[in-house]
Amino acid sequence: MDFEFTPEQGAFKEEFLSWLKKDLPDDWDPTRYRNLDSTEEWARAHKDFQGRLYEAAYAGLHYPMEYGGQGRTLMEEVIVLQTVATTCVELRMPGVITFGMAAPTIQYCGNEEQKKEFLPKMLDGTHIWCQGFSEPNAGSDVANVSTRAVKDNGHYIVNGQKTWTSFAHMADYCILLVRTDPDAKKHKGLSYLLLDMKLPGVEVRPIIQITGEQDFNELYMEDVRVPVEMLVGNEGDGWRIAITTLMFERVIGDVTMAAVYQKNIERMIEMAKQSKRAGKPVSEDPIFRQQLAQAYIEVMVLKYHGLRNLSHQISGGIPGPEGSIGKLLWSEPNQRITEAAIGMQGPNSQIMGGSPWSVQDGFWQYSFLRSKGNTIEAGTSEIQRNIIGERVLGLPKDITRVARQQ
Amino acid sequence: MDIKLNEDQIEIARQARRFCENESPTEYVRAMFEDERGFTDEIWGKMVEMGWTAMRIPEAHGGLDMDLMDLAVILEEMGRTVVPGPFFSTVLLAAEAIMEAGSGSQKEAYLPGIAEGKIKGTLALHEAEGGGDLGHIEMDARPDGDGFVLNGTKLYVPDAHVADFIVCAARTESENVSAGEGITLFLVDPKAEGVSVSLLPSMDGTRKLCAVEFKEVRIGAEEILGEAGKGWEPLCRVLQRGQVGLCAECLGGAQRAMEIATEYAKVRVQFDQPIGAFQAVKHRCAQMYVEVESARSILYWAAWAQDHGNPEEAVLAASVAKAYCSTVYRNATTSAIQVLGGTGFSWEHDIHLYLKRAKANEVALGDPVYHREQVAQFIVG
Ligand SMILES: Cc1cc2nc3c(=O)[nH]c(=O)nc-3n(C[C@H](O)[C@H](O)[C@H](O)COP(=O)(O)OP(=O)(O)OC[C@H]3O[C@@H](n4cnc5c(N)ncnc54)[C@H](O)[C@@H]3O)c2cc1C
């Protein structure tokens, strides 16, 4: 057993860190959670950053050279992403769908042309991707999508509505789950398309979220003509592709999240030292100290569980439904941690960023609100526990569900 | 980075599983639960034959010089069947104390005997006013010639009633010293004059706890374990090993509790379906799985840190792991009882053995509140 990087990996980390320090603008403040204000500025900064990563050979380290990657291991990729996560996660954020879902899907399930066409442009920052799975009537029950794609003369004519589509307002492309066969059984009639967001008939309407910001959207498609070359796999394969490809990159998400949270805990400790309760630093209060320690413990659980999975995957293990653990380990603790953090501020927990009285510029107020989405996005906690219960532990499905599927 | 058991460890685990299932079935565990002594020489002898008592002892003293991780693999299996007896107190507390603090001659006097299973020992640490805190050592050791005289009471001393020696921590200096200073470890013969050992009615009958009273117990210079006044640091290292060892036990027990609940949820039918189809039950089982697998990851880190990490990481990881894994075990047993319904509340079903061990392990060697405060001291200051 070994929990350490090899000397080469350690050296690689140092090398990347010094590159990153030089690359970031002089006025970049890693302690601020938002350095970029407008959507346009954010998207631009993300693409520029990704482009520089690519130029410097730090993008897509574990992707094959012929698709713009570096042909190295998942470990080097993780080293880069962890480092980015603790210095400038904001610059990576608009790429979460691009790299977390779209790229692995094309890598593992796309054909040669699709890989050649799309992967290099993801890795070099040309394109941002979004994910069009959820619909008003297909949330947890995502196999219920009703967006229709009808084949017509070398094209699929797509009609329907997606919702909660993160970063669609910045995106160049979309991975789209559509129904190609309305007569087949629910899971069997789905197909997986790559949608160019600039096609006529595609419309993006913003949704404002709980934090007051706009990160996601409604996505409307009216008679959009998608070339048949944009089909991933075969018609009817949509469901299988959608669920299997998600698992591959999940472990990267877990260890990156652990790095982000570790940084957050440092920020929380600093806050606890500066905030006062009855005139004394919160960090000296035994109850809040217990909470700080508990927060740290939960982050260590995510970190070491993620590393164990990563190590398993690097040595050839196939990720399975047990990956659902990681989703639960980053979502639920983040809600507890942010709740504890604003709890340490007493009545000041009401004060958002932008006031001289704001604590850490409202980071925890924002994070507390944002964390409420964590147990919903990427499969709710209930769905994760269903997956673990049924697919890992082999517990039976509810009879009403069994009956419906027959 | 390579976070998994190696081939040898997998084989050790396999043998340990077979041993525990064959030699420590529930009939044995239950008999020992009621038995005052708490183990049989026959089973003890078989463990010795397996080499388990020798694993951690250096080769120079007749042992196998193995890693804590190797032992953790066995402890996990022992936890899985709630194996009773003085293994933990002897191998993880007493032996480690001698290895950490003992002089050359003390090591030679004790370690080969422990490795061969001939002598058993324990560690006397807790006192009435310390509660879940491990640093509260106030028992008085009065200088007397080249030795000391001990007076006071140690509590919750595991297996002292069957121990051949007790490592006792006491305070030899109290003026102008901080909490960790002025602690001395003594090797005490439980049969010595002035020492009296009495069994406490512990909830977990498979882990016997004793009160040990000391009345004017004279300790000679050669029975000072290591250096007088310098016992705290080696003691801390011993406690860390013990904490990690307990985590391994917790993991094994929690995993078994999860399996018991899950197996039952598949076969118990109510309202025309197996209860595991109800999400209230299914999600409990899923949560047990999440926590058990997480505990495994944290245990591996903590054990690795003891064997190969730097000392700071080792201390931190032990406390993180102890707070986490012991809580996981408690949660798993509590949840399992709920899944089992009335059956889970019966003496006849084994789950109570797990619940009781979980509660014993939760408070042994520092409760979660203590360990979280340790973590806080580390990260906050
Ligand atoms: C921040 C954020 C970003 C998102 N980004 C995207 C994106 O980019 N692309 C995209 O396609 N989607 C995205 N989503 C949508 C997300 O995937 C869905 O919200 C999610 O799958 C849940 O669907 P729903 O909102 O319709 O809730 P519902 O499915 O209606 O669920 C409502 C409640 O019912 C529970 N429930 C539902 N079914 C079951 C069941 N079988 N057993 C037990 N409980 C059940 C749920 O757990 C939940 O508590 C995003 C969501 C959020 C919050």
# chains A, B, ... in the order shown; residues from 1 in each chain; ligands from 1
>>> interface_residues(of="chain B", to="chain A", cutoff="7 Å", atoms="only C-alpha atoms", output="list in words")
Met1, Asp2, Ile3, Lys4, Leu5, Asn6, Lys266, Gly276, Ala277, Phe278, Lys282, His283, Cys285, Ala286, Val290, Ser294, Ser297, Ile298, Val320, Arg372, Glu373, Val375, Ala376 and Val380 of chain B
>>> residues_near_ligand(ligand="ligand 1", cutoff="9 Å", atoms="only C-alpha atoms and all ligand atoms", output="ChimeraX atom specification")
/A:97,130-142,162-168,176-177,209,215-217,370-386,401 /B:279
>>> select_by_dssp(residues="range 141-369 of chain A", states="alpha helix (DSSP H)", output="number ranges by chain")
A: 238-274, 286-314, 324-343, 363-369
>>> select_by_dssp(residues="range 162-262 of chain A", states="strand (DSSP E or B)", output="JSON, numbers by chain")
{"A": [162, 173, 174, 175, 176, 177, 178, 179, 190, 191, 192, 193, 194, 195, 196, 202, 203, 204, 205, 206, 207, 216, 217, 218, 219, 220, 221, 222, 223, 224, 225, 226, 227, 231, 232]}
>>> closest_residue(among="B:Gly152, B:Gly132, B:Pro234, B:Gly220", to="Pro368 in chain B", atoms="only C-alpha atoms")
B:Gly132
>>> residues_around(residues="range 328-337 of chain B", least_positions_apart="6", cutoff="7 Å", atoms="only C-alpha atoms", output="VMD selection string")
chain B and resid 250 to 251 253 to 254 257 to 258 261 284 288 291 to 292 344 to 345 351 354 to 355 358 to 359
>>> write_last_selection(atoms="all heavy atoms", output="short mmCIF file (atom, residue, chain, number, x, y, z; two decimals), in the first residue's frame")
data_model
loop_
_atom_site.label_atom_id
_atom_site.label_comp_id
_atom_site.auth_asym_id
_atom_site.auth_seq_id
_atom_site.Cartn_x
_atom_site.Cartn_y
_atom_site.Cartn_z
N CYS B 250 -13.63 -2.02 14.10
CA CYS B 250 -14.90 -1.33 13.82
C CYS B 250 -15.34 -1.60 12.38
O CYS B 250 -16.52 -1.84 12.11
CB CYS B 250 -14.76 0.18 14.01
SG CYS B 250 -14.61 0.67 15.72
N LEU B 251 -14.38 -1.53 11.48
CA LEU B 251 -14.70 -1.76 10.08
C LEU B 251 -15.28 -3.16 9.88
O LEU B 251 -16.32 -3.33 9.24
CB LEU B 251 -13.44 -1.58 9.23
CG LEU B 251 -13.56 -1.97 7.76
CD1 LEU B 251 -14.58 -1.08 7.06
CD2 LEU B 251 -12.21 -1.86 7.06
N GLY B 253 -16.68 -5.14 12.04
CA GLY B 253 -17.98 -5.26 12.70
C GLY B 253 -19.07 -4.54 11.91
O GLY B 253 -20.17 -5.06 11.73
N ALA B 254 -18.74 -3.35 11.43
CA ALA B 254 -19.73 -2.55 10.69
C ALA B 254 -20.11 -3.26 9.39
O ALA B 254 -21.27 -3.30 8.99
CB ALA B 254 -19.18 -1.16 10.41
N ALA B 257 -22.41 -6.04 10.22
CA ALA B 257 -23.75 -5.53 10.58
C ALA B 257 -24.52 -5.16 9.31
O ALA B 257 -25.72 -5.45 9.18
CB ALA B 257 -23.63 -4.33 11.52
N MET B 258 -23.81 -4.54 8.37
CA MET B 258 -24.44 -4.18 7.11
C MET B 258 -24.91 -5.43 6.37
O MET B 258 -26.03 -5.48 5.84
CB MET B 258 -23.45 -3.41 6.24
CG MET B 258 -23.95 -3.16 4.83
SD MET B 258 -22.68 -2.50 3.75
CE MET B 258 -21.81 -3.99 3.30
N ALA B 261 -28.00 -6.92 7.99
CA ALA B 261 -29.21 -6.14 7.69
C ALA B 261 -29.65 -6.36 6.24
O ALA B 261 -30.84 -6.55 5.96
CB ALA B 261 -28.95 -4.67 7.96
N ARG B 284 -31.33 2.97 4.19
CA ARG B 284 -30.53 2.70 5.39
C ARG B 284 -29.36 1.76 5.03
O ARG B 284 -28.23 1.98 5.43
CB ARG B 284 -31.37 1.96 6.43
CG ARG B 284 -31.97 2.83 7.48
CD ARG B 284 -32.65 1.94 8.53
NE ARG B 284 -33.55 2.73 9.35
CZ ARG B 284 -33.14 3.53 10.32
NH1 ARG B 284 -31.87 3.63 10.63
NH2 ARG B 284 -34.01 4.25 11.01
N MET B 288 -25.30 2.48 5.04
CA MET B 288 -24.31 1.64 5.74
C MET B 288 -23.16 1.32 4.79
O MET B 288 -22.00 1.36 5.18
CB MET B 288 -24.94 0.32 6.20
CG MET B 288 -25.88 0.44 7.38
SD MET B 288 -26.35 -1.25 7.91
CE MET B 288 -28.09 -1.07 7.97
N GLU B 291 -20.87 4.30 4.28
CA GLU B 291 -20.02 4.57 5.44
C GLU B 291 -18.97 3.48 5.63
O GLU B 291 -17.83 3.77 6.00
CB GLU B 291 -20.88 4.75 6.70
CG GLU B 291 -21.73 6.01 6.60
CD GLU B 291 -22.51 6.33 7.87
OE1 GLU B 291 -22.23 5.73 8.92
OE2 GLU B 291 -23.42 7.18 7.79
N VAL B 292 -19.35 2.25 5.39
CA VAL B 292 -18.39 1.15 5.57
C VAL B 292 -17.23 1.30 4.58
O VAL B 292 -16.06 1.19 4.93
CB VAL B 292 -19.08 -0.22 5.41
CG1 VAL B 292 -18.06 -1.33 5.22
CG2 VAL B 292 -19.95 -0.52 6.63
N GLY B 344 -34.22 -7.84 16.02
CA GLY B 344 -32.98 -7.15 16.33
C GLY B 344 -32.88 -6.75 17.79
O GLY B 344 -31.80 -6.46 18.29
N PHE B 345 -34.03 -6.73 18.45
CA PHE B 345 -34.05 -6.34 19.86
C PHE B 345 -33.89 -7.55 20.77
O PHE B 345 -33.82 -7.43 21.98
CB PHE B 345 -35.37 -5.61 20.15
CG PHE B 345 -35.46 -5.00 21.51
CD1 PHE B 345 -34.61 -3.95 21.87
CD2 PHE B 345 -36.37 -5.47 22.45
CE1 PHE B 345 -34.69 -3.39 23.14
CE2 PHE B 345 -36.44 -4.91 23.72
CZ PHE B 345 -35.60 -3.87 24.05
N ILE B 351 -27.02 -9.44 16.65
CA ILE B 351 -26.71 -8.04 16.37
C ILE B 351 -26.35 -7.26 17.64
O ILE B 351 -25.55 -6.33 17.61
CB ILE B 351 -27.85 -7.35 15.57
CG1 ILE B 351 -27.37 -6.03 14.94
CG2 ILE B 351 -29.08 -7.12 16.43
CD1 ILE B 351 -26.38 -6.18 13.84
N TYR B 354 -22.76 -6.98 18.33
CA TYR B 354 -22.08 -5.95 17.52
C TYR B 354 -22.33 -4.56 18.09
O TYR B 354 -21.43 -3.74 18.17
CB TYR B 354 -22.55 -6.05 16.06
CG TYR B 354 -22.05 -7.30 15.38
CD1 TYR B 354 -22.75 -8.50 15.49
CD2 TYR B 354 -20.86 -7.29 14.67
CE1 TYR B 354 -22.28 -9.66 14.89
CE2 TYR B 354 -20.39 -8.44 14.05
CZ TYR B 354 -21.10 -9.63 14.17
OH TYR B 354 -20.63 -10.76 13.58
N LEU B 355 -23.58 -4.31 18.46
CA LEU B 355 -23.90 -3.00 19.04
C LEU B 355 -23.04 -2.74 20.27
O LEU B 355 -22.48 -1.65 20.44
CB LEU B 355 -25.39 -2.95 19.43
CG LEU B 355 -25.78 -1.69 20.22
CD1 LEU B 355 -25.83 -0.48 19.29
CD2 LEU B 355 -27.13 -1.86 20.92
N ALA B 358 -19.54 -2.12 19.38
CA ALA B 358 -19.44 -0.78 18.77
C ALA B 358 -19.37 0.29 19.84
O ALA B 358 -18.55 1.21 19.78
CB ALA B 358 -20.63 -0.52 17.84
N LYS B 359 -20.22 0.14 20.85
CA LYS B 359 -20.21 1.14 21.92
C LYS B 359 -18.93 1.06 22.74
O LYS B 359 -18.43 2.08 23.21
CB LYS B 359 -21.44 0.96 22.83
CG LYS B 359 -22.76 1.26 22.14
CD LYS B 359 -22.81 2.66 21.53
CE LYS B 359 -22.92 3.78 22.55
NZ LYS B 359 -22.93 5.11 21.87
#
>>> atom_distance(atom1="CA of Ala211 in chain B", atom2="CA of Glu129 in chain B")
13.8 Å
>>> atom_distance(atom1="CA of Ile106 in chain A", atom2="CA of Gly69 in chain A")
13.5 Å
>>> residues_around(residues="Glu40 in chain A", least_positions_apart="2", cutoff="12 Å", atoms="only C-alpha atoms", output="list in words")
Leu36, Asp37, Ser38, Trp42, Ala43, Arg44, Ala45, His46, Lys47, Pro94, Phe167, His169, Met170 and Ala171 of chain A
>>> residues_around(residues="Glu127 in chain B", least_positions_apart="2", cutoff="9 Å", atoms="only C-alpha atoms", output="PyMOL selection string")
chain B and resi 124-125+129-131+136-139+152-156
>>> residues_around(residues="range 65-72 of chain B", least_positions_apart="3", cutoff="7 Å", atoms="only C-alpha atoms", output="number ranges by chain")
B: 9, 55-59, 75-76, 245, 248, 303-304, 307
>>> write_last_selection(atoms="all heavy atoms", output="CSV table (one decimal), in the first residue's frame")
chain,number,residue,atom,x,y,z
B,9,GLN,N,-1.3,-9.7,2.2
B,9,GLN,CA,-2.4,-9.2,3.1
B,9,GLN,C,-3.7,-9.9,2.7
B,9,GLN,O,-4.5,-10.2,3.6
B,9,GLN,CB,-2.5,-7.7,3.0
B,9,GLN,CG,-1.3,-7.0,3.7
B,9,GLN,CD,-1.1,-5.6,3.3
B,9,GLN,OE1,-1.6,-5.2,2.3
B,9,GLN,NE2,-0.3,-4.9,4.1
B,55,MET,N,3.2,-11.1,15.4
B,55,MET,CA,3.3,-10.3,14.2
B,55,MET,C,4.1,-9.0,14.3
B,55,MET,O,5.0,-8.7,13.5
B,55,MET,CB,1.9,-9.9,13.7
B,55,MET,CG,1.2,-11.1,13.0
B,55,MET,SD,-0.4,-10.6,12.4
B,55,MET,CE,0.0,-9.8,10.9
B,56,ARG,N,3.8,-8.2,15.3
B,56,ARG,CA,4.3,-6.9,15.4
B,56,ARG,C,5.7,-6.9,16.1
B,56,ARG,O,6.4,-5.9,16.1
B,56,ARG,CB,3.4,-5.9,16.2
B,56,ARG,CG,2.1,-5.7,15.4
B,56,ARG,CD,2.3,-4.6,14.4
B,56,ARG,NE,2.6,-3.3,15.0
B,56,ARG,CZ,3.3,-2.3,14.5
B,56,ARG,NH1,3.8,-2.5,13.2
B,56,ARG,NH2,3.6,-1.2,15.1
B,57,ILE,N,6.0,-8.0,16.8
B,57,ILE,CA,7.3,-8.0,17.6
B,57,ILE,C,8.5,-8.1,16.7
B,57,ILE,O,8.4,-8.8,15.7
B,57,ILE,CB,7.2,-9.3,18.5
B,57,ILE,CG1,5.9,-9.3,19.2
B,57,ILE,CG2,8.4,-9.3,19.4
B,57,ILE,CD1,5.8,-8.9,20.6
B,58,PRO,N,9.5,-7.3,17.0
B,58,PRO,CA,10.7,-7.4,16.1
B,58,PRO,C,11.3,-8.8,16.1
B,58,PRO,O,11.2,-9.5,17.0
B,58,PRO,CB,11.7,-6.4,16.8
B,58,PRO,CG,10.8,-5.5,17.7
B,58,PRO,CD,9.7,-6.4,18.1
B,59,GLU,N,12.0,-9.0,15.0
B,59,GLU,CA,12.6,-10.3,14.8
B,59,GLU,C,13.6,-10.6,15.9
B,59,GLU,O,13.7,-11.8,16.4
B,59,GLU,CB,13.3,-10.4,13.4
B,59,GLU,CG,12.3,-10.8,12.3
B,59,GLU,CD,13.0,-10.9,10.9
B,59,GLU,OE1,14.2,-11.2,10.9
B,59,GLU,OE2,12.3,-10.5,10.0
B,75,LEU,N,-7.3,-7.8,12.5
B,75,LEU,CA,-8.3,-7.2,13.5
B,75,LEU,C,-9.6,-7.0,12.8
B,75,LEU,O,-10.7,-7.1,13.5
B,75,LEU,CB,-7.7,-5.9,14.0
B,75,LEU,CG,-6.5,-6.1,15.0
B,75,LEU,CD1,-5.7,-4.8,15.2
B,75,LEU,CD2,-7.0,-6.6,16.3
B,76,GLU,N,-9.6,-6.6,11.6
B,76,GLU,CA,-10.8,-6.5,10.9
B,76,GLU,C,-11.7,-7.8,10.9
B,76,GLU,O,-12.9,-7.7,11.2
B,76,GLU,CB,-10.6,-6.1,9.4
B,76,GLU,CG,-11.9,-5.9,8.6
B,76,GLU,CD,-11.7,-5.6,7.1
B,76,GLU,OE1,-10.6,-5.2,6.7
B,76,GLU,OE2,-12.7,-5.8,6.4
B,245,GLY,N,-5.9,0.2,15.4
B,245,GLY,CA,-6.4,-1.2,15.5
B,245,GLY,C,-7.9,-1.3,15.8
B,245,GLY,O,-8.6,-2.1,15.2
B,248,ALA,N,-9.9,-0.9,12.7
B,248,ALA,CA,-10.0,-2.1,11.9
B,248,ALA,C,-11.1,-3.0,12.4
B,248,ALA,O,-11.9,-3.5,11.6
B,248,ALA,CB,-8.6,-2.8,11.9
B,303,ALA,N,-3.6,3.5,8.8
B,303,ALA,CA,-2.6,2.4,9.1
B,303,ALA,C,-1.4,2.6,8.3
B,303,ALA,O,-0.3,2.5,8.8
B,303,ALA,CB,-3.3,1.0,8.7
B,304,TRP,N,-1.5,3.1,7.1
B,304,TRP,CA,-0.3,3.4,6.2
B,304,TRP,C,0.5,4.5,6.9
B,304,TRP,O,1.7,4.4,6.9
B,304,TRP,CB,-0.8,3.8,4.8
B,304,TRP,CG,0.4,4.3,4.0
B,304,TRP,CD1,1.2,3.5,3.3
B,304,TRP,CD2,0.8,5.6,3.9
B,304,TRP,NE1,2.2,4.3,2.7
B,304,TRP,CE2,1.9,5.6,3.0
B,304,TRP,CE3,0.3,6.8,4.4
B,304,TRP,CZ2,2.6,6.8,2.7
B,304,TRP,CZ3,1.0,8.0,4.0
B,304,TRP,CH2,2.1,8.0,3.2
B,307,ASP,N,2.7,3.2,9.6
B,307,ASP,CA,3.8,2.4,9.1
B,307,ASP,C,4.8,3.2,8.3
B,307,ASP,O,6.0,3.0,8.4
B,307,ASP,CB,3.3,1.2,8.2
B,307,ASP,CG,2.5,0.2,8.9
B,307,ASP,OD1,2.8,-0.1,10.1
B,307,ASP,OD2,1.5,-0.4,8.4
>>> residues_around(residues="Ala60 in chain B", least_positions_apart="5", cutoff="10 Å", atoms="only C-alpha atoms", output="ChimeraX atom specification")
/B:65,107-108,111-112
>>> atom_distance(atom1="CA of Ala97 in chain B", atom2="CA of Thr81 in chain B")
26.5 Å
>>> closest_residue(among="B:Val83, B:Glu175, B:Leu64, B:Tyr324", to="Ile43 in chain B", atoms="only C-alpha atoms")
B:Val83
>>> closest_residue(among="B:Ala115, B:Val363, B:Cys210, B:Ile224", to="Met47 in chain B", atoms="only C-alpha atoms")
B:Ala115
>>> decode(residues="range 56-68 of chain B", atoms="N, CA, C and O atoms", output="PDB file, in the first residue's frame")
ATOM      1  N   ARG B  56       3.763  -8.200  15.306  1.00  0.00           N
ATOM      2  CA  ARG B  56       4.347  -6.863  15.404  1.00  0.00           C
ATOM      3  C   ARG B  56       5.695  -6.862  16.130  1.00  0.00           C
ATOM      4  O   ARG B  56       6.408  -5.873  16.125  1.00  0.00           O
ATOM      5  N   ILE B  57       6.020  -7.959  16.797  1.00  0.00           N
ATOM      6  CA  ILE B  57       7.253  -8.003  17.598  1.00  0.00           C
ATOM      7  C   ILE B  57       8.467  -8.075  16.663  1.00  0.00           C
ATOM      8  O   ILE B  57       8.441  -8.797  15.671  1.00  0.00           O
ATOM      9  N   PRO B  58       9.516  -7.307  16.977  1.00  0.00           N
ATOM     10  CA  PRO B  58      10.721  -7.350  16.118  1.00  0.00           C
ATOM     11  C   PRO B  58      11.323  -8.755  16.070  1.00  0.00           C
ATOM     12  O   PRO B  58      11.209  -9.517  17.030  1.00  0.00           O
ATOM     13  N   GLU B  59      11.968  -9.025  14.966  1.00  0.00           N
ATOM     14  CA  GLU B  59      12.588 -10.346  14.800  1.00  0.00           C
ATOM     15  C   GLU B  59      13.591 -10.649  15.894  1.00  0.00           C
ATOM     16  O   GLU B  59      13.688 -11.772  16.369  1.00  0.00           O
ATOM     17  N   ALA B  60      14.333  -9.633  16.299  1.00  0.00           N
ATOM     18  CA  ALA B  60      15.350  -9.815  17.341  1.00  0.00           C
ATOM     19  C   ALA B  60      14.755 -10.358  18.631  1.00  0.00           C
ATOM     20  O   ALA B  60      15.440 -10.953  19.448  1.00  0.00           O
ATOM     21  N   HIS B  61      13.453 -10.153  18.814  1.00  0.00           N
ATOM     22  CA  HIS B  61      12.802 -10.632  20.038  1.00  0.00           C
ATOM     23  C   HIS B  61      11.811 -11.746  19.738  1.00  0.00           C
ATOM     24  O   HIS B  61      10.821 -11.926  20.448  1.00  0.00           O
ATOM     25  N   GLY B  62      12.073 -12.459  18.687  1.00  0.00           N
ATOM     26  CA  GLY B  62      11.266 -13.642  18.406  1.00  0.00           C
ATOM     27  C   GLY B  62       9.972 -13.383  17.658  1.00  0.00           C
ATOM     28  O   GLY B  62       9.082 -14.225  17.638  1.00  0.00           O
ATOM     29  N   GLY B  63       9.884 -12.216  17.050  1.00  0.00           N
ATOM     30  CA  GLY B  63       8.634 -11.897  16.347  1.00  0.00           C
ATOM     31  C   GLY B  63       8.798 -11.881  14.844  1.00  0.00           C
ATOM     32  O   GLY B  63       9.818 -12.310  14.298  1.00  0.00           O
ATOM     33  N   LEU B  64       7.777 -11.382  14.165  1.00  0.00           N
ATOM     34  CA  LEU B  64       7.745 -11.408  12.701  1.00  0.00           C
ATOM     35  C   LEU B  64       7.977 -10.037  12.074  1.00  0.00           C
ATOM     36  O   LEU B  64       8.058  -9.905  10.858  1.00  0.00           O
ATOM     37  N   ASP B  65       8.005  -9.001  12.926  1.00  0.00           N
ATOM     38  CA  ASP B  65       8.353  -7.660  12.464  1.00  0.00           C
ATOM     39  C   ASP B  65       7.453  -7.168  11.321  1.00  0.00           C
ATOM     40  O   ASP B  65       7.927  -6.653  10.323  1.00  0.00           O
ATOM     41  N   MET B  66       6.169  -7.329  11.480  1.00  0.00           N
ATOM     42  CA  MET B  66       5.266  -6.950  10.392  1.00  0.00           C
ATOM     43  C   MET B  66       4.649  -5.574  10.629  1.00  0.00           C
ATOM     44  O   MET B  66       4.739  -5.007  11.703  1.00  0.00           O
ATOM     45  N   ASP B  67       4.016  -5.067   9.578  1.00  0.00           N
ATOM     46  CA  ASP B  67       3.403  -3.740   9.641  1.00  0.00           C
ATOM     47  C   ASP B  67       2.102  -3.756  10.436  1.00  0.00           C
ATOM     48  O   ASP B  67       1.444  -4.788  10.552  1.00  0.00           O
ATOM     49  N   LEU B  68       1.725  -2.571  10.888  1.00  0.00           N
ATOM     50  CA  LEU B  68       0.425  -2.445  11.543  1.00  0.00           C
ATOM     51  C   LEU B  68      -0.696  -2.783  10.557  1.00  0.00           C
ATOM     52  O   LEU B  68      -1.717  -3.351  10.922  1.00  0.00           O
TER      53      LEU B  68
END
